[in-house]
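Presented below is the structure to which this report refers.
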Protein chains: 2
Amino acid sequence: MTDHPTPLDAALAAADAGIDAGLARLMELVAIPSISAEPKRAGDVRRAAEWLAADLASMGFDASVRTTERHPMVVGHDTTAPEGAPHVLFYGHYDVQPADPLELWTSDPFTPALVPQPDGETWITGRGASDDKGALMTFIEACRAWKTATGALPCRVTVLLEGEEEITSPSLGPFLAETAEELRADTVLVCDTDMWDRDTPAITTMMRGLASEEFTITTADRDMHAGIFGGAARNALQLMADVLASLRAPDGSVAIDGFYDDVRELPPEVSASWTALPFDAEAFLGGVGLSIPAGEADRSVLEQVWARPTFEVHGVWGGYLGEGFKSVIPAEAHAKVSFRLVPDQDPERVRESFRDHVRARIPADCSVRFTRLGAAAPAAMPTDSPMLQQALAGLREEWGKAAIAGTGGSIPILAEFRDRLGMDALLVGFARFDNRVHSPNEKYDLSSYVHGTRSWVRILDKFAQG
Amino acid sequence: MTDHPTPLDAALAAADAGIDAGLARLMELVAIPSISAEPKRAGDVRRAAEWLAADLASMGFDASVRTTERHPMVVGHDTTAPEGAPHVLFYGHYDVQPADPLELWTSDPFTPALVPQPDGETWITGRGASDDKGALMTFIEACRAWKTATGALPCRVTVLLEGEEEITSPSLGPFLAETAEELRADTVLVCDTDMWDRDTPAITTMMRGLASEEFTITTADRDMHAGIFGGAARNALQLMADVLASLRAPDGSVAIDGFYDDVRELPPEVSASWTALPFDAEAFLGGVGLSIPAGEADRSVLEQVWARPTFEVHGVWGGYLGEGFKSVIPAEAHAKVSFRLVPDQDPERVRESFRDHVRARIPADCSVRFTRLGAAAPAAMPTDSPMLQQALAGLREEWGKAAIAGTGGSIPILAEFRDRLGMDALLVGFARFDNRVHSPNEKYDLSSYVHGTRSWVRILDKFAQG
């Protein structure tokens, strides 16, 4: 022991001292309804970007809001680190999912609150409290703690905050291409993933890709009366149901020809490490009121959500949706769907197979039209890089343990960073899997926030130490 | 030829002279948005009832609006006929279907208009112009013509107008039970069916029944993020699609165990008369932009829509319906469906088989709840009654020809008249099958209206002559 605290000790102390002020800032940010999918919220999205740029500037970053074709980027640079220190690019997103169905929220999604729980935890509630505003602020608060304690950061830090992550990042690729020289660093840090369990933070090295699509089936040229045409006229909703049912086999697999051709089996060492994880499939499904896994019958639940591709229906609508009964044979039916993909599936190849599969099931007198919603390549990161090991060490010092994990989610930006900047990402996550991300009553645990911030303080120190 | 016109001639002349005034009355009635399915329109439904009672009273009927638990009945009596004249009960309905989707109407559904057509026909446009306001007014205007010409009706006439036909007539049974003595007549006349073709009116003797249902499938206790749960968690919309697809076999038949057990095959003489009808299946489907019959592969299109039961999906909704993409696994999915039934299927027995079929496909950790929307028994009328033959004769004198037909529609009230009053109905129809009943841009042909009115003038005379 020493009487002189190290810079790390001072930064950790500053992080602890700054919790209340940091929470107040986070709640200001969550209160901005920056829903990227809703055009009427474009002004709010920009407001969130401006708020973040101002916050970064207030702690000495050279920060600015950069306009794109849709929602802006926020870029901030800090060069107070010693010459030769590692350079990290931190990525987060400040846009959020739509909040509907609003009636299922127990409090307003954009009026965040601190809500004490019976188990002693405190929830930070609100849309985006976890995904990704709460998570990204852990990094920003860690930077603030270093600056407060030492006047400088131990690493050179560039921050990039996106406003289109929830709409599959259409502007990110072009933006990275334009700013490659400005943004390229030794690694890109991403804070948008889950903890392994409530006591164990995780570095995620494998994540699924995505191909999402909207499509409309049209049968007749108008809605029809079932009393006149019922039995002879093609019902667009029945056809839609037939098509959606045909996409999934009774054993839970995706029933498109050749869909599994490019699927890479899990490497034995990853498979072994996952098997060693104390994963409770019953508790995982039980957390949302389910007990029977819906995926491929011959795969474990962890494989189903981390290592296997899947087909999901996100929305279906058509026909009469009002009160009571209307005897209509609908002529149009709509669906939003997506595929989660694993290495080495190609999103656009899957999309074409899907469209072929659907087209083959549309009778000659009916039609279908497709709209591409988005895509993300699946990714598997190498697990032996020095910076990954340094980050793991930092996490272990803060939490006592840390896991290397997979995720069923898609992080569309990873392919962009790899392709445009030649960088693999390091995904460090403090979110609990029960945070109701994308669902009503999203929350972030205060412990995720506090130890997440302290973890970044330590990880920046580890990087600087080398 | 005689210099002294008969009372029939005088009544026909009065009908012709009254066309413009009658059309003005019909358009007043169509302008009232009496949508029985929409609670907010209850006042409009009552307004239509009051309008009709006043109109009947103005021509000497003892008419009144009778309150029920939901929408009122209109009852009118005329006793100006000679002692011993036949007594007919005329039934019509003044409620209409919802008008949505409004954006597909080329003019406001409740601002009726007379629209000349290139072929010389004139359309009376508006929701309810055909079903059933235009049709019921043909009978009322025929009564007015008789009264104008002779000061009396040739038959004793009771009029019963309902405001709940489009919501499967929940109050009609109880009302008929209460008023059986007041309403019982020699026959009940119904004007809510189609012509055989544009030149041939029809008496419909066979009509399908109905069992309609709404149901909700619930999987998890909340919507989930597909990135976290995708592949392992049951998707309510996928399950809904699987269930809806399972209800219909690839050959177009309904795939519920025992569904066809009670289906009566068409009597050979009816089958023969239908085969003789000049029915153009290609034109029938072509009228709505289709060419491939969707029903049972081994049945003709006419059988598919008149003599065979069918399952239809009227509305499906669930998940994210907003703009863009939301990666949600929906925990709830909703559908409105119905079965069209034929003799001797029982609606409630079919409903139970349907519910059993669905329940058997819901995994043990998920649930389904059903809401009964409505029911109507199928019906087949005897074709040899004297009054049916008299009505046919009246139609032939007006149009030169007339057909005995079936219909795929359900007229829920028929079972009520049979069960409560012991009367079979005589269904005389002047609507063309392309009237877009229940669809946007509903219309009624001026020729249907004019010759319909004249037909009733003649039919009342035939009944009186015996």
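By order in the structure tokens, chains are A, B, ...; within a chain, residues start at 1; ligands start at 1, following the order shown.
The protein and nucleic acid residues lying at most 6 Å from Leu421 in chain A are Ala180, Arg184, Phe417, Arg418, Asp419 and Met423 of chain A, with only C-alpha atoms considered and sequence neighbours fewer than 2 positions away removed.
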| task | Apply DSSP to the backbone of this structure and, from range 29-267 of chain A, keep only the residues in alpha helix (DSSP H); write these as a PyMOL selection string. | result | chain A and resi 29-30+42-58+133-150+172-178+180-183+226-229+236-246
| All strand (DSSP E) positions in range 331-441 of chain B, as a PyMOL selection string | chain B and resi 332-341+367-376+379-380+403-407+425-429
Might you pull out every residue within 8 Å of Asp62 in chain B, with only C-alpha atoms counted and same-chain residues fewer than 4 positions away left off, and present them as a compact mmCIF listing (two decimals) with C-alpha atoms, in the first residue's frame?
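Wrote out.txt, looks like this:
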```txt
# COMPACT_ATOMS: atom_id res chain seq x y z
CA LEU B 56 -93.45 5.02 -43.76
CA ALA B 57 -95.77 7.13 -41.62
CA GLY B 76 -94.67 -0.36 -39.98
CA HIS B 77 -98.15 -1.77 -40.64
CA ASP B 78 -100.49 -1.07 -43.49
```
| said: For a test of reading the model, state the distance in Å between CA of Val88 in chain B and CA of Asp132 in chain B, rounded to one decimal. | reply: 18.9 Å
| Near range 266-269 of chain A, within 9 Å and counting only C-alpha atoms, which residues show up once chain neighbours fewer than 4 positions away are dropped, as a ChimeraX atom specification? | /A:273-274,303,307
| Could you state the separation of CA of Ser130 in chain A and CA of Asp434 in chain A in Å, given to one decimal place? | 10.4 Å
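Neighbouring residues of Gln389 in chain A at 12 Å or closer, counting only C-alpha atoms and skipping chain neighbours under 6 positions away, are Ile203, Pro382, Thr383, Leu395, Arg396, Ala402, Ala403, Ile404, Leu426, Val428, Ile459, Lys462, Phe463 and Gly466 of chain A.
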Would you save the residues of that selection, restricted to C-alpha atoms, as a JSON list (two decimals), in the first residue's frame?
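Contents of result-v8.json, as written:
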```json
[["chain", "number", "residue", "atom", "x", "y", "z"],
["A", 203, "ILE", "CA", -16.71, -9.29, -24.17],
["A", 382, "PRO", "CA", -10.43, -13.25, -33.04],
["A", 383, "THR", "CA", -10.14, -13.93, -29.30],
["A", 395, "LEU", "CA", -13.08, -6.09, -16.29],
["A", 396, "ARG", "CA", -11.82, -8.80, -13.95],
["A", 402, "ALA", "CA", -15.50, -11.63, -16.99],
["A", 403, "ALA", "CA", -16.72, -13.83, -19.84],
["A", 404, "ILE", "CA", -16.10, -14.19, -23.55],
["A", 426, "LEU", "CA", -13.94, -4.90, -29.09],
["A", 428, "VAL", "CA", -17.67, -4.68, -23.98],
["A", 459, "ILE", "CA", -9.67, -0.46, -19.36],
["A", 462, "LYS", "CA", -4.80, -1.10, -19.06],
["A", 463, "PHE", "CA", -4.49, 0.02, -22.68],
["A", 466, "GLY", "CA", 0.17, -1.95, -22.58]]
```
Please list as a PDB file with N, CA and C atoms, in the first residue's frame every residue within 9 Å of range 164-179 of chain A, counting only C-alpha atoms and excluding residues in the same chain fewer than 6 positions away.
```pdb
ATOM      1  N   ILE A  35     -36.038   8.885 -31.762  1.00  0.00           N
ATOM      2  CA  ILE A  35     -36.459   7.665 -32.457  1.00  0.00           C
ATOM      3  C   ILE A  35     -36.122   7.789 -33.936  1.00  0.00           C
ATOM      4  N   SER A  36     -35.100   7.077 -34.358  1.00  0.00           N
ATOM      5  CA  SER A  36     -34.611   7.268 -35.730  1.00  0.00           C
ATOM      6  C   SER A  36     -35.577   6.765 -36.788  1.00  0.00           C
ATOM      7  N   ALA A  37     -36.446   5.796 -36.432  1.00  0.00           N
ATOM      8  CA  ALA A  37     -37.345   5.206 -37.439  1.00  0.00           C
ATOM      9  C   ALA A  37     -38.521   6.113 -37.774  1.00  0.00           C
ATOM     10  N   THR A  68     -25.570  14.014 -42.085  1.00  0.00           N
ATOM     11  CA  THR A  68     -25.554  12.968 -43.120  1.00  0.00           C
ATOM     12  C   THR A  68     -26.844  13.124 -43.913  1.00  0.00           C
ATOM     13  N   GLU A  69     -27.133  12.157 -44.781  1.00  0.00           N
ATOM     14  CA  GLU A  69     -28.370  12.253 -45.554  1.00  0.00           C
ATOM     15  C   GLU A  69     -29.600  12.149 -44.668  1.00  0.00           C
ATOM     16  N   ARG A  70     -29.456  11.506 -43.484  1.00  0.00           N
ATOM     17  CA  ARG A  70     -30.642  11.368 -42.636  1.00  0.00           C
ATOM     18  C   ARG A  70     -30.394  11.934 -41.233  1.00  0.00           C
ATOM     19  N   HIS A  71     -29.812  11.143 -40.360  1.00  0.00           N
ATOM     20  CA  HIS A  71     -29.568  11.629 -39.004  1.00  0.00           C
ATOM     21  C   HIS A  71     -28.072  11.865 -38.809  1.00  0.00           C
ATOM     22  N   PRO A  72     -27.722  12.872 -38.004  1.00  0.00           N
ATOM     23  CA  PRO A  72     -26.303  13.260 -37.912  1.00  0.00           C
ATOM     24  C   PRO A  72     -25.443  12.309 -37.080  1.00  0.00           C
ATOM     25  N   MET A  73     -24.131  12.427 -37.286  1.00  0.00           N
ATOM     26  CA  MET A  73     -23.111  11.779 -36.465  1.00  0.00           C
ATOM     27  C   MET A  73     -22.572  12.822 -35.487  1.00  0.00           C
ATOM     28  N   GLY A  92     -20.785   4.524 -30.152  1.00  0.00           N
ATOM     29  CA  GLY A  92     -22.079   4.273 -29.511  1.00  0.00           C
ATOM     30  C   GLY A  92     -23.175   4.839 -30.396  1.00  0.00           C
ATOM     31  N   HIS A  93     -24.429   4.577 -30.055  1.00  0.00           N
ATOM     32  CA  HIS A  93     -25.513   5.200 -30.832  1.00  0.00           C
ATOM     33  C   HIS A  93     -26.510   5.861 -29.890  1.00  0.00           C
ATOM     34  N   TYR A  94     -26.952   7.046 -30.298  1.00  0.00           N
ATOM     35  CA  TYR A  94     -27.858   7.827 -29.447  1.00  0.00           C
ATOM     36  C   TYR A  94     -29.292   7.774 -29.951  1.00  0.00           C
ATOM     37  N   ASP A  95     -29.530   7.051 -31.054  1.00  0.00           N
ATOM     38  CA  ASP A  95     -30.932   6.889 -31.487  1.00  0.00           C
ATOM     39  C   ASP A  95     -31.528   5.700 -30.727  1.00  0.00           C
ATOM     40  N   VAL A  96     -32.866   5.684 -30.659  1.00  0.00           N
ATOM     41  CA  VAL A  96     -33.555   4.627 -29.910  1.00  0.00           C
ATOM     42  C   VAL A  96     -34.665   4.022 -30.761  1.00  0.00           C
ATOM     43  N   GLN A  97     -35.132   2.856 -30.304  1.00  0.00           N
ATOM     44  CA  GLN A  97     -36.263   2.181 -30.934  1.00  0.00           C
ATOM     45  C   GLN A  97     -37.548   2.966 -30.671  1.00  0.00           C
ATOM     46  N   LEU A 373     -35.275  -3.591 -46.127  1.00  0.00           N
ATOM     47  CA  LEU A 373     -35.214  -2.718 -44.943  1.00  0.00           C
ATOM     48  C   LEU A 373     -33.782  -2.546 -44.457  1.00  0.00           C
ATOM     49  N   GLY A 374     -32.996  -3.603 -44.428  1.00  0.00           N
ATOM     50  CA  GLY A 374     -31.631  -3.444 -43.948  1.00  0.00           C
ATOM     51  C   GLY A 374     -30.850  -4.731 -44.010  1.00  0.00           C
ATOM     52  N   ALA A 375     -29.581  -4.642 -43.677  1.00  0.00           N
ATOM     53  CA  ALA A 375     -28.714  -5.816 -43.705  1.00  0.00           C
ATOM     54  C   ALA A 375     -27.504  -5.582 -42.809  1.00  0.00           C
ATOM     55  N   ALA A 376     -26.980  -6.660 -42.265  1.00  0.00           N
ATOM     56  CA  ALA A 376     -25.733  -6.610 -41.509  1.00  0.00           C
ATOM     57  C   ALA A 376     -25.071  -7.963 -41.655  1.00  0.00           C
ATOM     58  N   ILE A 411     -24.857  -6.393 -34.994  1.00  0.00           N
ATOM     59  CA  ILE A 411     -24.284  -5.067 -34.832  1.00  0.00           C
ATOM     60  C   ILE A 411     -23.778  -4.693 -36.212  1.00  0.00           C
ATOM     61  N   PRO A 412     -24.688  -4.083 -36.973  1.00  0.00           N
ATOM     62  CA  PRO A 412     -24.424  -3.894 -38.408  1.00  0.00           C
ATOM     63  C   PRO A 412     -23.146  -3.125 -38.673  1.00  0.00           C
ATOM     64  N   ILE A 413     -22.748  -2.319 -37.691  1.00  0.00           N
ATOM     65  CA  ILE A 413     -21.595  -1.458 -37.917  1.00  0.00           C
ATOM     66  C   ILE A 413     -20.281  -2.228 -37.963  1.00  0.00           C
ATOM     67  N   GLU A 416     -18.831  -2.551 -41.257  1.00  0.00           N
ATOM     68  CA  GLU A 416     -18.387  -1.253 -41.774  1.00  0.00           C
ATOM     69  C   GLU A 416     -16.999  -0.900 -41.232  1.00  0.00           C
ATOM     70  N   PHE A 417     -16.802  -1.099 -39.920  1.00  0.00           N
ATOM     71  CA  PHE A 417     -15.483  -0.775 -39.348  1.00  0.00           C
ATOM     72  C   PHE A 417     -14.387  -1.652 -39.957  1.00  0.00           C
ATOM     73  N   ASP A 419     -14.529  -3.169 -42.958  1.00  0.00           N
ATOM     74  CA  ASP A 419     -14.345  -2.905 -44.392  1.00  0.00           C
ATOM     75  C   ASP A 419     -13.767  -1.519 -44.669  1.00  0.00           C
ATOM     76  N   ARG A 420     -14.233  -0.506 -43.919  1.00  0.00           N
ATOM     77  CA  ARG A 420     -13.845   0.874 -44.244  1.00  0.00           C
ATOM     78  C   ARG A 420     -12.562   1.297 -43.535  1.00  0.00           C
ATOM     79  N   LEU A 421     -12.367   0.788 -42.281  1.00  0.00           N
ATOM     80  CA  LEU A 421     -11.222   1.256 -41.496  1.00  0.00           C
ATOM     81  C   LEU A 421     -10.228   0.135 -41.201  1.00  0.00           C
TER      82      LEU A 421
ATOM     83  N   GLY B 324     -40.430   1.649 -41.223  1.00  0.00           N
ATOM     84  CA  GLY B 324     -39.099   1.097 -41.056  1.00  0.00           C
ATOM     85  C   GLY B 324     -39.094  -0.241 -40.350  1.00  0.00           C
ATOM     86  N   PHE B 325     -38.016  -0.502 -39.650  1.00  0.00           N
ATOM     87  CA  PHE B 325     -37.760  -1.825 -39.101  1.00  0.00           C
ATOM     88  C   PHE B 325     -37.689  -1.775 -37.585  1.00  0.00           C
ATOM     89  N   LYS B 326     -38.318  -2.744 -36.936  1.00  0.00           N
ATOM     90  CA  LYS B 326     -38.147  -2.892 -35.493  1.00  0.00           C
ATOM     91  C   LYS B 326     -37.958  -4.368 -35.218  1.00  0.00           C
ATOM     92  N   SER B 327     -36.855  -4.681 -34.571  1.00  0.00           N
ATOM     93  CA  SER B 327     -36.470  -6.076 -34.399  1.00  0.00           C
ATOM     94  C   SER B 327     -37.168  -6.685 -33.198  1.00  0.00           C
TER      95      SER B 327
END
```
| Spatial neighbours of Asp262 in chain A, 8 Å, only C-alpha atoms, chain gap at least 3 places, as a PyMOL selection string | chain A and resi 259+343-345
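Atom to atom, CA of His357 in chain B and CA of Lys336 in chain B stand 15.7 Å apart.
Considering only C-alpha atoms, the residue among B:Ala297, B:Ala391, B:Ala405, B:Cys143 positioned nearest to Trp196 in chain B is B:Ala405.
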